[in-house]
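Asker: Sharing target.csv here; it has CSV, N, CA and C atoms.
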```csv
chain,number,residue,atom,x,y,z
Q,1,MET,N,0.8,-1.2,0.0
Q,1,MET,CA,0.0,0.0,0.0
Q,1,MET,C,0.9,1.3,0.0
Q,2,ALA,N,1.9,1.3,0.9
Q,2,ALA,CA,2.8,2.4,0.9
Q,2,ALA,C,3.6,2.6,-0.4
Q,3,ASN,N,3.9,1.5,-1.0
Q,3,ASN,CA,4.6,1.5,-2.2
Q,3,ASN,C,3.8,2.2,-3.3
Q,4,LYS,N,2.5,1.8,-3.4
Q,4,LYS,CA,1.6,2.4,-4.4
Q,4,LYS,C,1.4,3.9,-4.2
Q,5,ASP,N,1.4,4.4,-2.9
Q,5,ASP,CA,1.3,5.8,-2.6
Q,5,ASP,C,2.5,6.5,-3.1
Q,6,ALA,N,3.7,5.9,-2.8
Q,6,ALA,CA,4.9,6.5,-3.3
Q,6,ALA,C,5.0,6.6,-4.8
Q,7,GLU,N,4.5,5.6,-5.5
Q,7,GLU,CA,4.5,5.6,-6.9
Q,7,GLU,C,3.6,6.7,-7.5
Q,8,ALA,N,2.4,6.8,-6.8
Q,8,ALA,CA,1.4,7.8,-7.2
Q,8,ALA,C,2.0,9.2,-7.0
Q,9,SER,N,2.7,9.5,-5.9
Q,9,SER,CA,3.3,10.8,-5.7
Q,9,SER,C,4.4,11.1,-6.7
Q,10,ASN,N,5.2,10.0,-7.0
Q,10,ASN,CA,6.2,10.2,-8.1
Q,10,ASN,C,5.6,10.6,-9.4
Q,11,GLN,N,4.5,9.9,-9.8
Q,11,GLN,CA,3.8,10.2,-11.0
Q,11,GLN,C,3.3,11.6,-11.1
Q,12,ARG,N,2.8,12.1,-9.9
Q,12,ARG,CA,2.3,13.5,-9.8
Q,12,ARG,C,3.4,14.5,-10.0
Q,13,GLU,N,4.6,14.2,-9.4
Q,13,GLU,CA,5.7,15.1,-9.5
Q,13,GLU,C,6.2,15.1,-11.0
Q,14,ILE,N,6.2,14.0,-11.6
Q,14,ILE,CA,6.7,13.9,-13.0
Q,14,ILE,C,5.7,14.7,-13.9
Q,15,SER,N,4.4,14.5,-13.7
Q,15,SER,CA,3.4,15.2,-14.5
Q,15,SER,C,3.3,16.7,-14.2
Q,16,GLU,N,3.8,17.2,-13.0
Q,16,GLU,CA,3.8,18.6,-12.7
Q,16,GLU,C,5.2,19.2,-13.0
Q,17,SER,N,5.8,18.8,-14.0
Q,17,SER,CA,7.1,19.4,-14.4
Q,17,SER,C,6.9,20.9,-14.8
Q,18,PRO,N,8.0,21.7,-14.6
Q,18,PRO,CA,7.9,23.1,-14.9
Q,18,PRO,C,7.5,23.3,-16.4
Q,19,LYS,N,6.7,24.4,-16.6
Q,19,LYS,CA,6.3,24.8,-17.9
Q,19,LYS,C,7.4,25.5,-18.6
Q,20,ASP,N,7.5,25.4,-19.9
Q,20,ASP,CA,8.4,26.1,-20.7
Q,20,ASP,C,8.0,27.6,-20.7
Q,21,VAL,N,8.9,28.5,-20.4
Q,21,VAL,CA,8.6,29.9,-20.4
Q,21,VAL,C,9.5,30.6,-21.4
Q,22,SER,N,8.9,31.4,-22.2
Q,22,SER,CA,9.6,32.1,-23.3
Q,22,SER,C,10.2,33.3,-22.7
Q,23,ILE,N,11.2,33.9,-23.4
Q,23,ILE,CA,11.8,35.1,-23.0
Q,23,ILE,C,10.9,36.3,-23.1
Q,24,GLY,N,9.9,36.1,-24.1
Q,24,GLY,CA,8.9,37.1,-24.3
Q,24,GLY,C,8.0,37.3,-23.1
Q,25,ARG,N,7.7,36.2,-22.5
Q,25,ARG,CA,6.8,36.2,-21.3
Q,25,ARG,C,7.5,36.9,-20.2
Q,26,ILE,N,8.8,36.6,-20.0
Q,26,ILE,CA,9.6,37.3,-18.9
Q,26,ILE,C,9.7,38.8,-19.2
Q,27,MET,N,10.0,39.1,-20.5
Q,27,MET,CA,10.1,40.5,-20.8
Q,27,MET,C,8.8,41.3,-20.7
Q,28,SER,N,7.7,40.6,-20.7
Q,28,SER,CA,6.4,41.3,-20.6
Q,28,SER,C,6.2,41.8,-19.1
Q,29,PHE,N,7.0,41.3,-18.2
Q,29,PHE,CA,6.9,41.8,-16.8
Q,29,PHE,C,7.7,43.1,-16.6
Q,30,TYR,N,8.7,43.4,-17.5
Q,30,TYR,CA,9.4,44.6,-17.3
Q,30,TYR,C,8.5,45.8,-17.4
Q,31,ARG,N,8.6,46.7,-16.5
Q,31,ARG,CA,7.9,48.0,-16.6
Q,31,ARG,C,8.7,49.1,-15.9
Q,32,PRO,N,8.6,50.2,-16.3
Q,32,PRO,CA,8.0,50.8,-17.6
Q,32,PRO,C,8.8,50.4,-18.8
Q,33,ARG,N,8.2,50.2,-19.9
Q,33,ARG,CA,8.9,49.7,-21.1
Q,33,ARG,C,9.8,50.7,-21.6
Q,34,SER,N,9.5,52.0,-21.4
Q,34,SER,CA,10.4,53.0,-22.0
Q,34,SER,C,11.8,53.0,-21.2
Q,35,VAL,N,11.8,52.7,-20.0
Q,35,VAL,CA,13.0,52.6,-19.2
Q,35,VAL,C,13.8,51.4,-19.7
Q,36,THR,N,13.1,50.3,-20.0
Q,36,THR,CA,13.8,49.1,-20.5
Q,36,THR,C,14.4,49.4,-21.9
Q,37,ALA,N,13.7,50.1,-22.7
Q,37,ALA,CA,14.2,50.4,-24.0
Q,37,ALA,C,15.4,51.4,-23.9
Q,38,ILE,N,15.4,52.3,-23.0
Q,38,ILE,CA,16.5,53.2,-22.8
Q,38,ILE,C,17.7,52.4,-22.3
Q,39,GLY,N,17.5,51.4,-21.4
Q,39,GLY,CA,18.5,50.6,-20.9
Q,39,GLY,C,19.2,49.8,-22.0
Q,40,ILE,N,18.4,49.3,-22.9
Q,40,ILE,CA,19.0,48.5,-24.0
Q,40,ILE,C,19.8,49.4,-24.9
Q,41,ILE,N,19.4,50.6,-25.2
Q,41,ILE,CA,20.1,51.6,-26.0
Q,41,ILE,C,21.4,52.0,-25.3
Q,42,VAL,N,21.4,52.2,-24.0
Q,42,VAL,CA,22.6,52.6,-23.3
Q,42,VAL,C,23.5,51.4,-23.3
Q,43,SER,N,23.0,50.2,-23.2
Q,43,SER,CA,23.9,49.0,-23.3
Q,43,SER,C,24.6,48.9,-24.6
Q,44,LEU,N,23.9,49.2,-25.7
Q,44,LEU,CA,24.6,49.2,-27.0
Q,44,LEU,C,25.7,50.2,-27.1
Q,45,ILE,N,25.4,51.4,-26.5
Q,45,ILE,CA,26.4,52.4,-26.5
Q,45,ILE,C,27.6,52.0,-25.7
Q,46,CYS,N,27.4,51.3,-24.5
Q,46,CYS,CA,28.5,50.8,-23.7
Q,46,CYS,C,29.3,49.7,-24.5
Q,47,ALA,N,28.6,48.9,-25.2
Q,47,ALA,CA,29.2,47.8,-26.0
Q,47,ALA,C,30.1,48.4,-27.1
Q,48,LEU,N,29.7,49.5,-27.7
Q,48,LEU,CA,30.5,50.2,-28.7
Q,48,LEU,C,31.6,51.0,-28.2
Q,49,GLY,N,31.6,51.2,-26.9
Q,49,GLY,CA,32.7,51.9,-26.2
Q,49,GLY,C,34.0,51.1,-26.2
Q,50,TRP,N,34.0,49.8,-26.1
Q,50,TRP,CA,35.2,49.1,-26.0
Q,50,TRP,C,36.0,49.1,-27.3
Q,51,PRO,N,35.4,48.9,-28.5
Q,51,PRO,CA,36.2,49.1,-29.7
Q,51,PRO,C,36.8,50.5,-29.9
Q,52,ALA,N,36.0,51.5,-29.5
Q,52,ALA,CA,36.5,52.9,-29.5
Q,52,ALA,C,37.7,53.0,-28.6
Q,53,TYR,N,37.6,52.4,-27.4
Q,53,TYR,CA,38.7,52.4,-26.4
Q,53,TYR,C,40.0,51.9,-27.1
Q,54,GLY,N,39.8,50.7,-27.7
Q,54,GLY,CA,41.0,50.1,-28.4
Q,54,GLY,C,41.6,51.0,-29.5
Q,55,LEU,N,40.7,51.6,-30.3
Q,55,LEU,CA,41.1,52.4,-31.4
Q,55,LEU,C,41.9,53.6,-30.9
Q,56,ILE,N,41.4,54.3,-29.9
Q,56,ILE,CA,42.0,55.5,-29.4
Q,56,ILE,C,43.3,55.1,-28.6
Q,57,TYR,N,43.3,54.0,-27.9
Q,57,TYR,CA,44.5,53.6,-27.2
Q,57,TYR,C,45.6,53.2,-28.2
Q,58,SER,N,45.3,52.6,-29.3
Q,58,SER,CA,46.3,52.2,-30.3
Q,58,SER,C,46.8,53.4,-31.0
Q,59,LYS,N,45.9,54.4,-31.3
Q,59,LYS,CA,46.4,55.7,-31.9
Q,59,LYS,C,47.4,56.4,-31.0
Q,60,LEU,N,47.1,56.4,-29.7
Q,60,LEU,CA,47.9,57.1,-28.7
Q,60,LEU,C,49.3,56.3,-28.6
Q,61,LEU,N,49.2,55.0,-28.6
Q,61,LEU,CA,50.4,54.2,-28.5
Q,61,LEU,C,51.3,54.4,-29.7
Q,62,PHE,N,50.8,54.5,-30.9
Q,62,PHE,CA,51.6,54.7,-32.1
Q,62,PHE,C,52.2,56.1,-32.1
Q,63,ILE,N,51.5,57.1,-31.6
Q,63,ILE,CA,52.0,58.4,-31.5
Q,63,ILE,C,53.2,58.4,-30.5
Q,64,MET,N,53.0,57.7,-29.4
Q,64,MET,CA,54.1,57.7,-28.4
Q,64,MET,C,55.3,57.0,-28.9
Q,65,MET,N,55.1,56.0,-29.8
Q,65,MET,CA,56.3,55.3,-30.4
Q,65,MET,C,57.1,56.1,-31.3
Q,66,GLN,N,56.5,57.2,-31.9
Q,66,GLN,CA,57.2,58.0,-32.8
Q,66,GLN,C,57.8,59.2,-32.2
Q,67,PHE,N,58.0,59.2,-30.9
Q,67,PHE,CA,58.5,60.3,-30.1
Q,67,PHE,C,60.0,60.6,-30.5
Q,68,ALA,N,60.8,59.6,-30.8
Q,68,ALA,CA,62.2,59.7,-31.1
Q,68,ALA,C,62.4,60.2,-32.5
Q,69,ASP,N,61.4,60.1,-33.4
Q,69,ASP,CA,61.6,60.5,-34.8
Q,69,ASP,C,61.7,62.0,-34.9
Q,70,PRO,N,62.8,62.5,-35.4
Q,70,PRO,CA,62.9,64.0,-35.5
Q,70,PRO,C,62.1,64.6,-36.6
Q,71,ARG,N,61.6,63.8,-37.5
Q,71,ARG,CA,60.8,64.3,-38.6
Q,71,ARG,C,59.3,64.5,-38.2
Q,72,TYR,N,59.0,64.0,-37.1
Q,72,TYR,CA,57.6,64.0,-36.6
Q,72,TYR,C,57.4,65.4,-35.8
Q,73,LEU,N,56.9,66.4,-36.5
Q,73,LEU,CA,56.8,67.7,-35.9
Q,73,LEU,C,55.6,68.0,-35.1
Q,74,THR,N,54.5,67.3,-35.4
Q,74,THR,CA,53.3,67.5,-34.7
Q,74,THR,C,53.0,66.6,-33.5
Q,75,PHE,N,54.1,66.1,-32.9
Q,75,PHE,CA,54.0,65.1,-31.8
Q,75,PHE,C,53.2,65.7,-30.6
Q,76,SER,N,53.5,66.8,-30.1
Q,76,SER,CA,52.8,67.3,-28.9
Q,76,SER,C,51.3,67.6,-29.2
Q,77,ASP,N,51.0,68.1,-30.4
Q,77,ASP,CA,49.6,68.4,-30.8
Q,77,ASP,C,48.8,67.1,-30.9
Q,78,ASP,N,49.4,66.1,-31.6
Q,78,ASP,CA,48.7,64.8,-31.7
Q,78,ASP,C,48.6,64.1,-30.4
Q,79,ARG,N,49.6,64.2,-29.6
Q,79,ARG,CA,49.5,63.6,-28.2
Q,79,ARG,C,48.5,64.2,-27.4
Q,80,ALA,N,48.4,65.5,-27.4
Q,80,ALA,CA,47.4,66.2,-26.6
Q,80,ALA,C,46.0,65.9,-27.1
Q,81,PHE,N,45.8,65.9,-28.4
Q,81,PHE,CA,44.5,65.6,-29.0
Q,81,PHE,C,44.0,64.2,-28.6
Q,82,TRP,N,44.9,63.2,-28.8
Q,82,TRP,CA,44.5,61.8,-28.5
Q,82,TRP,C,44.3,61.5,-27.0
Q,83,CYS,N,45.2,62.2,-26.2
Q,83,CYS,CA,45.0,62.0,-24.7
Q,83,CYS,C,43.6,62.7,-24.3
Q,84,GLY,N,43.3,63.8,-24.9
Q,84,GLY,CA,42.0,64.4,-24.6
Q,84,GLY,C,40.9,63.5,-25.1
Q,85,MET,N,41.0,62.9,-26.2
Q,85,MET,CA,39.9,62.0,-26.7
Q,85,MET,C,39.8,60.8,-25.8
Q,86,PHE,N,40.9,60.3,-25.3
Q,86,PHE,CA,40.9,59.2,-24.4
Q,86,PHE,C,40.2,59.5,-23.1
Q,87,LEU,N,40.5,60.7,-22.5
Q,87,LEU,CA,39.9,61.1,-21.3
Q,87,LEU,C,38.4,61.3,-21.5
Q,88,LEU,N,38.0,61.9,-22.7
Q,88,LEU,CA,36.6,62.1,-23.0
Q,88,LEU,C,35.9,60.8,-23.1
Q,89,LEU,N,36.5,59.9,-23.7
Q,89,LEU,CA,35.8,58.5,-23.9
Q,89,LEU,C,35.7,57.9,-22.5
Q,90,ILE,N,36.7,57.9,-21.7
Q,90,ILE,CA,36.6,57.3,-20.3
Q,90,ILE,C,35.5,58.0,-19.5
Q,91,PHE,N,35.4,59.3,-19.6
Q,91,PHE,CA,34.4,60.0,-18.8
Q,91,PHE,C,33.0,59.6,-19.4
Q,92,ALA,N,32.8,59.6,-20.7
Q,92,ALA,CA,31.5,59.2,-21.3
Q,92,ALA,C,31.1,57.8,-20.9
Q,93,LEU,N,32.1,56.9,-21.0
Q,93,LEU,CA,31.8,55.5,-20.7
Q,93,LEU,C,31.4,55.3,-19.2
Q,94,GLY,N,32.1,56.1,-18.3
Q,94,GLY,CA,31.7,56.1,-16.9
Q,94,GLY,C,30.3,56.5,-16.7
Q,95,ILE,N,29.9,57.6,-17.4
Q,95,ILE,CA,28.5,58.0,-17.2
Q,95,ILE,C,27.5,57.0,-17.8
Q,96,PHE,N,27.8,56.5,-19.0
Q,96,PHE,CA,26.9,55.5,-19.6
Q,96,PHE,C,26.8,54.2,-18.8
Q,97,PHE,N,27.9,53.7,-18.2
Q,97,PHE,CA,27.9,52.5,-17.4
Q,97,PHE,C,27.1,52.8,-16.1
Q,98,PHE,N,27.2,53.9,-15.5
Q,98,PHE,CA,26.4,54.2,-14.4
Q,98,PHE,C,24.9,54.2,-14.7
Q,99,ILE,N,24.6,54.9,-15.8
Q,99,ILE,CA,23.2,54.9,-16.3
Q,99,ILE,C,22.6,53.5,-16.5
Q,100,GLN,N,23.5,52.7,-17.2
Q,100,GLN,CA,23.1,51.3,-17.5
Q,100,GLN,C,22.8,50.5,-16.2
Q,101,LYS,N,23.7,50.6,-15.3
Q,101,LYS,CA,23.5,49.8,-14.0
Q,101,LYS,C,22.3,50.3,-13.3
Q,102,TYR,N,22.1,51.6,-13.2
Q,102,TYR,CA,20.9,52.1,-12.5
Q,102,TYR,C,19.6,51.7,-13.2
Q,103,ILE,N,19.5,51.8,-14.5
Q,103,ILE,CA,18.3,51.5,-15.2
Q,103,ILE,C,18.0,50.0,-15.1
Q,104,PHE,N,19.0,49.1,-15.2
Q,104,PHE,CA,18.7,47.7,-15.1
Q,104,PHE,C,18.4,47.3,-13.6
Q,105,PHE,N,19.0,48.1,-12.7
Q,105,PHE,CA,18.6,47.8,-11.3
Q,105,PHE,C,17.1,48.2,-11.0
Q,106,TYR,N,16.7,49.3,-11.6
Q,106,TYR,CA,15.3,49.7,-11.4
Q,106,TYR,C,14.4,48.8,-12.1
Q,107,ALA,N,14.7,48.4,-13.4
Q,107,ALA,CA,13.8,47.5,-14.1
Q,107,ALA,C,13.8,46.1,-13.5
Q,108,GLY,N,14.9,45.6,-13.0
Q,108,GLY,CA,15.0,44.3,-12.4
Q,108,GLY,C,14.3,44.3,-11.1
Q,109,GLU,N,14.3,45.4,-10.4
Q,109,GLU,CA,13.5,45.4,-9.1
Q,109,GLU,C,12.0,45.3,-9.4
Q,110,ASN,N,11.5,46.0,-10.4
Q,110,ASN,CA,10.1,45.9,-10.8
Q,110,ASN,C,9.8,44.5,-11.3
Q,111,LEU,N,10.7,43.9,-12.1
Q,111,LEU,CA,10.5,42.6,-12.6
Q,111,LEU,C,10.3,41.6,-11.5
Q,112,THR,N,11.2,41.6,-10.5
Q,112,THR,CA,11.2,40.7,-9.4
Q,112,THR,C,9.9,40.9,-8.5
Q,113,PHE,N,9.5,42.2,-8.4
Q,113,PHE,CA,8.3,42.5,-7.6
Q,113,PHE,C,7.1,41.9,-8.3
Q,114,ASP,N,7.0,42.1,-9.6
Q,114,ASP,CA,5.8,41.5,-10.3
Q,114,ASP,C,5.8,40.0,-10.3
Q,115,ILE,N,6.9,39.4,-10.5
Q,115,ILE,CA,6.9,37.9,-10.5
Q,115,ILE,C,6.6,37.4,-9.1
Q,116,ARG,N,7.1,38.0,-8.1
Q,116,ARG,CA,6.8,37.5,-6.7
Q,116,ARG,C,5.3,37.7,-6.4
Q,117,ASN,N,4.8,38.8,-6.9
Q,117,ASN,CA,3.3,39.0,-6.7
Q,117,ASN,C,2.5,37.9,-7.3
Q,118,LEU,N,2.9,37.5,-8.6
Q,118,LEU,CA,2.2,36.4,-9.2
Q,118,LEU,C,2.4,35.1,-8.5
Q,119,LEU,N,3.6,34.9,-8.0
Q,119,LEU,CA,3.8,33.7,-7.3
Q,119,LEU,C,3.0,33.6,-6.0
Q,120,TYR,N,3.0,34.7,-5.2
Q,120,TYR,CA,2.2,34.7,-4.0
Q,120,TYR,C,0.7,34.6,-4.2
Q,121,ARG,N,0.3,35.3,-5.3
Q,121,ARG,CA,-1.1,35.2,-5.7
Q,121,ARG,C,-1.5,33.8,-6.0
Q,122,GLY,N,-0.7,33.1,-6.7
Q,122,GLY,CA,-0.9,31.7,-7.1
Q,122,GLY,C,-1.0,30.8,-5.9
Q,123,ILE,N,-0.1,31.1,-4.9
Q,123,ILE,CA,-0.1,30.3,-3.7
Q,123,ILE,C,-1.3,30.5,-2.8
Q,124,ILE,N,-1.7,31.8,-2.7
Q,124,ILE,CA,-2.9,32.1,-1.9
Q,124,ILE,C,-4.2,31.6,-2.5
Q,125,TYR,N,-4.3,31.6,-3.8
Q,125,TYR,CA,-5.6,31.1,-4.4
Q,125,TYR,C,-5.6,29.6,-4.7
Q,126,LYS,N,-4.6,28.9,-4.2
Q,126,LYS,CA,-4.7,27.4,-4.4
Q,126,LYS,C,-5.8,26.9,-3.4
Q,127,GLU,N,-6.3,25.8,-3.8
Q,127,GLU,CA,-7.4,25.1,-3.0
Q,127,GLU,C,-6.7,24.4,-1.8
Q,128,ILE,N,-7.2,24.7,-0.7
Q,128,ILE,CA,-6.6,24.2,0.5
Q,128,ILE,C,-7.0,22.7,0.7
Q,129,GLY,N,-8.2,22.4,0.4
Q,129,GLY,CA,-8.7,21.1,0.7
Q,129,GLY,C,-8.2,20.1,-0.2
```
Have the structure of the file written as structure tokens, please.
Answerer:
Amino acid sequence: MANKDAEASNQREISESPKDVSIGRIMSFYRPRSVTAIGIIVSLICALGWPAYGLIYSKLLFIMMQFADPRYLTFSDDRAFWCGMFLLLIFALGIFFFIQKYIFFYAGENLTFDIRNLLYRGIIYKEIG
């Protein structure tokens, strides 16, 4: 008798396997949608910052390698320009990374709140008997 009960409970556990949830359903819980869209745009800007970082750094490195060449007359002007561009890029990336983290923190907090509310609502409305 106990063996049959154990088999029945195992069958129920197998039949109650988790449902497949699409990414679209999860994304439907993000609110407000405008903040999420801004977060995605800021993330793309942050992603494009790394190739720009490499480009500016390599330009600066090649300018510094030509320091000993006496024919290179615009060394100080080029160095100042690319150092300024490097600092500008670092400052801009710092701002965009801060905005990205803050927006995803805010959107993730709303997402977690909504999913927990659905979970608790589902638990409360279950039949007790």
Asker: Using Å and a single decimal, report how far atom C of Q:Cys83 sits from atom CA of Q:Phe67.
Answerer: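 Going from atom CA of Q:Phe67 over to atom C of Q:Cys83 covers 16.2 Å.
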Asker: Between Q:Phe91, Q:Tyr72, Q:Phe96, Q:Tyr106, which is the closest to Q:Ser43 once you count only N, CA and C atoms?
Answerer: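 Checking each candidate against Q:Ser43, we get Q:Phe96 as the closest.
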Asker: Calculated over all atoms listed in the file, which of the candidates Q:Leu44, Q:Ala37, Q:Met64, Q:Ile123 has the smallest distance to Q:Arg79?
Answerer: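 Using all atoms listed in the file, the shortest distance to Q:Arg79 belongs to Q:Met64.
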Asker: Kindly indicate which residue among Q:Arg116, Q:Glu127, Q:Asn110, Q:Phe86 lies nearest to Q:Tyr53, using only C-alpha atoms for the distances.
Answerer: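 Looking only at the distances to Q:Tyr53, the closest residue turns out to be Q:Phe86.
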Asker: Using the chain letters and numbers from this document, which residues of stretch 9-127 of chain Q does DSSP assign to alpha helix (DSSP H), as a VMD selection string?
Answerer: chain Q and resid 9 to 15 23 to 27 33 to 65 75 to 124
Asker: Mind pulling up the distance from atom C of Q:Val35 to atom C of Q:Asp114?
Answerer: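 Between these atoms lies a distance of 16.8 Å.
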Asker: Please tell me which residues are no farther than 12 Å from (26.9, 54.2, -16.8) in the file, counting only C-alpha atoms, and write them as a list in words.
Answerer: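 Residues satisfying the cut-off, written out: Gly39, Ile41, Val42, Ser43, Leu44, Ile45, Cys46, Ala47, Gly49, Ile90, Phe91, Ala92, Leu93, Gly94, Ile95, Phe96, Phe97, Phe98, Ile99, Gln100, Lys101, Tyr102, Ile103, Phe104 and Phe105 of chain Q.
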Asker: Nearest residue to Q:Tyr30 out of Q:Leu118, Q:Ile128, Q:Ala107, Q:Leu48, using only C-alpha atoms?
Answerer: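 Under the stated criterion, the closest residue is Q:Ala107.
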Asker: Please, what distance in Å, to one decimal, runs between atom CA of Q:Ile56 and atom N of Q:Met85?
Answerer: 8.1 Å
